[in-house]
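Below is one structure; the comments refer to it alone.
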Amino acid sequence: MSKNLVIVESPAKAKTIEGYLGKDFTVKSSYGHIRDLAKGNGSIDIDKGFEPNYIISEDKKQLVKDLQKAAKKAEVVWLATDEDREGEAISWHLYETLNLTEENTRRIVFSEITKSAILKSIEHPRKVDIDLVNAQQARRILDRLVGFDLSPVLWKKIKPGLSAGRVQSVAVRIIVDREREIMAFNSEAAFRVVGEFKASGLPVKAVLNKRFKSEEEARLFLEESAQATHAVTSVETKPASRKPAAPFTTSTLQQEASRKLGFSVLKTMRVAQTLYEAGHITYMRTDSTNLSDLALEHAENVIGELYGTQYQERRQYTGKKAKGAQEAHEAIRPSVMANKDVPGERDAVRLYDLIWKRTVASQMANAKLQNTTAIINVSARPEVFTAKGQVIEFDGFLKLYLEGNDDEGEEQDKDRLPAMAVDQLMDRDRIVATERFSKHPPRYTEASLVKNLEELGIGRPSTYAPTISTVQNRGYVEKKDHDGTPRDYRVLELEKTTVSDRTDTENTGVERSKLFPTDIGMVVNDFLVKHFEQIMDFNFTADVEAKFDIIAQGQLDWRQMLKDFYQGFKLNVTDTQENAERASGERVLGDHPEKGKTILVRIGRYGPIAQIGGADDEEKEFASLLPDQKLETITLEEAIDLFKLPRKLGEFEDKVVVAAIGRFGPYVRYDGKFVSLKKDSDDDPYTITLERAIELVKAKIEADAKALIKVFEEDDTVRILEGRYGPYIKAGKKNVTIPKTEDAQAIDWARAQELIEEHAKKPPRARGRKKS
DNA sequence: CAGTGAGCGAGCTTCCGCTTGACTT
């Protein structure tokens with residue numbers, strides 16, 4: 001055993017560092033935090049100055065034993081956890097649990113994994129910084145207090161099992177606020193006018209500086225333009241330059257992978273993890289854009305070789321640090337800059353390519369451009385056309401990489417403009433006025449939500465992806481596509497001297513993989529905003545972070561900080577527990593035309609429902625809202641329709657046939673069998689006839705019979721069926737796959753029982769919807 | 001896997017931030 005034990009957080013890092021340090025050093029990993037607050041309510045003793053009760057996490061017990069053993073044998077233990085608040089706390093927990101002493105312990109830090117940085121850190125050890133540790137304790141305890149005090153309020157006032165927290169609740173608020181903005185948005189139409197001209201035979205497109213509110217105005221403009229002349233009144237050329245984007249942080253990597261590769265944030269992190277473990281990239285959870293000197297040098301060499309020295313421009317992106325950034329690591333970059341690509345799966349290859357290009361481009365020269373603006377007048381009118389052109393004089397970094405953007409606006413490509421001189425007359429080809437509608441602000445993607453959270457300083461690189469999953473798993477937010485609706489728009493066109501018009505159709509409001517708040521998400525959000533303004537404020541995290549920083553500087557006692565916060569917060573919680581009304585998102589829509597009772601919608605035990613009959617009515621009827629219906633927008637008519645189902649169609653061989661809409665869409669039910677109505681068919685549960693339903697049922701029975709391989713005499717609820725993934729045993733509601741090596745036909749009762757038992761022993765698979 | 005929705009009360013849920021496995025479909 002070697003004399004020195006070095007402990008880092010990540011095992012991949014441990015492997016790399018071991019290679020740099022030689023045989024006198026053993027490097028081990030803590031796999032992140034090793035201790036945390038105990039589970040239940042006894043984890044913080046508030047009366048004793050918020051005394052925390054830490055326990056070793058269940059899955060870390062063996063690891064801690066191993067580390068204790070190694071520490072005992074070593075002469076010196078080097079705590080080399082990350083150089084940030086959490087890293088300092090991990091070192092402290094290690095110090096405490098491994099029974100280390102000041103004499104045999106050194107705390108070292110390095111923010112890049114290069115040999116020189118690590119050797120340098122060994123020469124400059126320090127002690128564990130207890131002030132920084134205290135800042136982390138305050139952070140940890142505050143989060144527990146907020147989460148575990150708020151959540152039970154929701155269980156009581158809204159629904160059991162709900163959750164709230166400093167980070168997740170604000171994330172939901174961002175989504176809900178945007179949805180309300182969209183609901184309140186009124187689209188306005190205006191005619192956008194584009195002129196197509198020719199200058200010395202070359203085409204020029206120009207946009208009018210005015211949009212017309214009405215078709216009449218647009219038509220008048222075109223009619224008056226018919227006889228008008230068009231002359232250039234000014235041409236201006238200005239030099240411009242563009243600079244490359246900074247190297248990737250976790251947040252910007254997630255955004256670019258979403259825009260350019262269509263990855264979810266979870267997928268980006270999973271793929272990045274494999275690249276990291278394979279040694280292809282540096283650490284993927286970082287808030288820093290820094291590159292090591294070594295990386296800068298190598299990038300410069302690569303650029304010189306590939307493109308020439310005029311493309312090199314060494315730079316460090318220190319300017320705009322994200323709020324609350326702690327910069328414990330480098331930016332995400334290729335480990336070896338010279339590797340233009342790496343072997344591996346398609347997604348890994350594509351993500352690496354993105355990282356390589358972004359990193360290299362960040363060290364390339366600015367692009368130099370010439371922007372030209374030409375103004376073209378209309379002799380008969382005061383409005384003018386503007387033509388914009390762009391010439392790239394020197395492409396610089398654009399040769400390699402251009403950052404994507406989230407705007408869905410109609411940016412037109414800017415090309416080179418033909419030579420034009422002032423007073424030159426233009427030939428007019430045509431002028432087109434197109435009706436355009438203003439667009440509501442876009443819904444968030446996972447990645448654009450992360451961007452927003454990062455700007456607010458909420459959450460950390462390691463939690464962006466899990467937070468996005470949490471708010472979806474809790475049912476507050478769902479990721480969906482929005483199909484869009486067709487909309488007519490008018491087009492007026494002046495060609496030669498005649499103005500023609502037509503109506504075209506466009507699909508409006510198409511959105512893919514966007515985040516929508518659910519009804520329960522909105523009700524919970526509104527409740528929290530109403531009663532816990534402080535926590536729900538977008539600046540809450542920034543405010544407490546400022547206090548954590550003061551604690552870290554040794555200027556504020558962490559227990560005092562918690563006391564100051566908790567006094568008011570606790571009062572707020574008890575007051576809400578006792579006095580706030582239950583929140584159900586109830587909305588009265590009106591009266592039922594025949595029954596005279598009120599119809600309302602609200603959150604029920606299993607989700608949003610419509611209800612006939614108010615609180616005073618003895619008899620009530622209930623119906624679930626359909627998946628695309630929302631409490632806030634459903635109309636009285638739509639609610640009344642919900643009660644038309646389930647529809648009894650009639651009887652077939654003495655058994656009823658019913659049509660309805662269930663969790664998986666519209667269906668017909670007969671004799672315990674469910675037949676789904678295909679989405680793109682003409683079958684509709686409101687109108688389907690008994691005859692058609694029977695036809696579908698018969699087809700289903702036939703298909704089932706075909707899939708049936710065997711029924712056991714011993715118990716006819718146990719059958720062997722042919723399914724999508726091959727043959728399987730169906731025992732009641734349980735499905736058991738048959739191993740591919742076995743002949744389904746030959747399985748007897750005894751073997752079937754064996755397979756079922758084996759299946760029962762296996763741990764239940766994690767289902768996405770259920771809590772883990 | 002498709003039918004529920006009162007109120008009672010058992011016993012449960014819940015936070016954020018560090019890390020990687022070992023599980024199937």
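Here, A, B, ... name the chains of the structure tokens in the order displayed, residue numbers run from 1 inside each chain, and ligands are numbered from 1 in the same displayed order.
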Any idea which chain B residues end up within 10 Å of chain A if we count only C-alpha atoms (C1' of nucleotides), as a PyMOL selection string please? chain B and resi 1-5+12-20+23-25
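Separating CA of Ile612 in chain A from CA of Lys156 in chain A is a distance of 25.1 Å.
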Running DSSP on the backbone, which parts of range 152-329 of chain A land in strand (DSSP E or B), as a PyMOL selection string? chain A and resi 189-199+202-208+212+230-242+248+281+312
Any chance you could export the current selection's C-alpha atoms as a PDB file, in the first residue's frame?
```pdb
ATOM      1  CA  ALA A 189     -52.825  40.649 -38.330  1.00  0.00           C
ATOM      2  CA  ALA A 190     -50.945  43.068 -40.558  1.00  0.00           C
ATOM      3  CA  PHE A 191     -49.830  43.056 -44.173  1.00  0.00           C
ATOM      4  CA  ARG A 192     -46.100  42.754 -44.687  1.00  0.00           C
ATOM      5  CA  VAL A 193     -44.970  44.085 -48.030  1.00  0.00           C
ATOM      6  CA  VAL A 194     -41.999  42.745 -49.981  1.00  0.00           C
ATOM      7  CA  GLY A 195     -40.798  44.274 -53.220  1.00  0.00           C
ATOM      8  CA  GLU A 196     -38.855  42.306 -55.794  1.00  0.00           C
ATOM      9  CA  PHE A 197     -36.695  44.524 -57.971  1.00  0.00           C
ATOM     10  CA  LYS A 198     -33.868  44.287 -60.438  1.00  0.00           C
ATOM     11  CA  ALA A 199     -30.752  46.443 -60.449  1.00  0.00           C
ATOM     12  CA  LEU A 202     -29.766  41.342 -60.847  1.00  0.00           C
ATOM     13  CA  PRO A 203     -32.528  40.571 -58.318  1.00  0.00           C
ATOM     14  CA  VAL A 204     -32.976  42.582 -55.113  1.00  0.00           C
ATOM     15  CA  LYS A 205     -35.530  41.806 -52.429  1.00  0.00           C
ATOM     16  CA  ALA A 206     -36.585  44.641 -50.151  1.00  0.00           C
ATOM     17  CA  VAL A 207     -39.025  44.980 -47.269  1.00  0.00           C
ATOM     18  CA  LEU A 208     -41.343  47.969 -46.865  1.00  0.00           C
ATOM     19  CA  PHE A 212     -50.609  47.790 -43.227  1.00  0.00           C
ATOM     20  CA  HIS A 230     -38.510  53.206 -57.622  1.00  0.00           C
ATOM     21  CA  ALA A 231     -35.181  54.885 -57.107  1.00  0.00           C
ATOM     22  CA  VAL A 232     -32.297  54.197 -54.772  1.00  0.00           C
ATOM     23  CA  THR A 233     -32.047  57.041 -52.281  1.00  0.00           C
ATOM     24  CA  SER A 234     -29.142  55.784 -50.214  1.00  0.00           C
ATOM     25  CA  VAL A 235     -26.629  52.946 -50.024  1.00  0.00           C
ATOM     26  CA  GLU A 236     -24.646  52.442 -46.867  1.00  0.00           C
ATOM     27  CA  THR A 237     -22.000  49.851 -46.186  1.00  0.00           C
ATOM     28  CA  LYS A 238     -20.719  49.221 -42.694  1.00  0.00           C
ATOM     29  CA  PRO A 239     -18.071  46.812 -41.533  1.00  0.00           C
ATOM     30  CA  ALA A 240     -19.108  44.409 -38.775  1.00  0.00           C
ATOM     31  CA  SER A 241     -17.533  41.546 -36.967  1.00  0.00           C
ATOM     32  CA  ARG A 242     -18.842  38.467 -35.222  1.00  0.00           C
ATOM     33  CA  PHE A 248     -19.570  24.683 -23.598  1.00  0.00           C
ATOM     34  CA  ILE A 281     -14.033  14.841 -23.070  1.00  0.00           C
ATOM     35  CA  GLN A 312      -5.952  31.601 -34.833  1.00  0.00           C
TER      36      GLN A 312
END
```
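The shell of residues at most 10 Å from Asn572 in chain A, with only C-alpha atoms (C1' of nucleotides) counted and near chain neighbours (fewer than 5 positions) removed, consists of Leu150, His531, Phe532, Glu533, Gln534, Tyr566, Gln567 and Gln577 of chain A.
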Preceding selection exported with C-alpha atoms as a PDB file, in the first residue's frame:
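In the end it all went to again03.pdb:
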```pdb
ATOM      1  CA  LEU A 150     -44.066  23.099   2.060  1.00  0.00           C
ATOM      2  CA  HIS A 531     -49.309  31.873   0.085  1.00  0.00           C
ATOM      3  CA  PHE A 532     -45.521  31.649  -0.232  1.00  0.00           C
ATOM      4  CA  GLU A 533     -44.549  34.707  -2.203  1.00  0.00           C
ATOM      5  CA  GLN A 534     -41.021  34.761  -0.794  1.00  0.00           C
ATOM      6  CA  TYR A 566     -36.905  30.157   9.465  1.00  0.00           C
ATOM      7  CA  GLN A 567     -38.740  32.368  11.955  1.00  0.00           C
ATOM      8  CA  GLN A 577     -51.881  25.141   7.226  1.00  0.00           C
TER       9      GLN A 577
END
```
Taking the backbone alone, and naming residues the way the document does, which bits of range 370-426 of chain A are helix (DSSP H, G or I) by DSSP, as number ranges by chain? A: 396-399
Students should find that CA of Ala367 in chain A and CA of Asn405 in chain A are spaced 18.0 Å
I'd like the neighbourhood of Tyr317 in chain A as a VMD selection string, where a residue qualifies if any of its atoms comes within 7 Å (using only C-alpha atoms (C1' of nucleotides)), though same-chain residues fewer than 2 positions away should be ignored. chain A and resid 246 289 to 290 315 319
Quick one: pull the distance between CA of Asn525 in chain A and CA of Gly475 in chain A, Å, one decimal. 12.2 Å
Can you tell me which residues surround Glu435 in chain A at a distance of at most 12 Å, considering only C-alpha atoms (C1' of nucleotides), apart from same-chain residues fewer than 2 positions away, and format the answer as a PyMOL selection string? chain A and resi 188-194+211-219+432-433+437-438+487-493+501-506
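If you count only C-alpha atoms (C1' of nucleotides) and ignore residues fewer than 4 places along the chain from Ser57 in chain A, what sits within 10 Å of it is His33, Ile34, Arg35, Asp36, Leu37, Ala38, Lys39, Lys61, Gln62 and Val64 of chain A.
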Could you write out the selected residues, including N, CA and C atoms, as a JSON list (two decimals), in the first residue's frame?
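Everything below was put into result-v2.json:
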```json
[["chain", "number", "residue", "atom", "x", "y", "z"],
["A", 33, "HIS", "N", -21.26, 12.76, -2.71],
["A", 33, "HIS", "CA", -21.46, 12.85, -1.26],
["A", 33, "HIS", "C", -21.51, 11.47, -0.64],
["A", 34, "ILE", "N", -20.96, 11.36, 0.58],
["A", 34, "ILE", "CA", -21.04, 10.07, 1.28],
["A", 34, "ILE", "C", -22.03, 10.11, 2.43],
["A", 35, "ARG", "N", -22.33, 11.31, 2.90],
["A", 35, "ARG", "CA", -23.31, 11.45, 3.99],
["A", 35, "ARG", "C", -24.36, 12.47, 3.60],
["A", 36, "ASP", "N", -25.54, 12.32, 4.22],
["A", 36, "ASP", "CA", -26.61, 13.29, 3.98],
["A", 36, "ASP", "C", -27.47, 13.35, 5.23],
["A", 37, "LEU", "N", -28.35, 14.33, 5.29],
["A", 37, "LEU", "CA", -29.30, 14.41, 6.39],
["A", 37, "LEU", "C", -30.09, 13.12, 6.46],
["A", 38, "ALA", "N", -30.42, 12.69, 7.69],
["A", 38, "ALA", "CA", -31.24, 11.50, 7.86],
["A", 38, "ALA", "C", -32.60, 11.75, 7.19],
["A", 39, "LYS", "N", -33.29, 10.64, 6.93],
["A", 39, "LYS", "CA", -34.50, 10.73, 6.13],
["A", 39, "LYS", "C", -35.64, 11.56, 6.75],
["A", 61, "LYS", "N", -22.21, 2.69, 2.35],
["A", 61, "LYS", "CA", -21.63, 2.10, 3.56],
["A", 61, "LYS", "C", -20.39, 1.27, 3.26],
["A", 62, "GLN", "N", -20.47, 0.44, 2.24],
["A", 62, "GLN", "CA", -19.33, -0.40, 1.89],
["A", 62, "GLN", "C", -18.15, 0.47, 1.45],
["A", 64, "VAL", "N", -17.48, 3.57, 2.27],
["A", 64, "VAL", "CA", -16.87, 4.27, 3.41],
["A", 64, "VAL", "C", -15.97, 3.32, 4.19]]
```
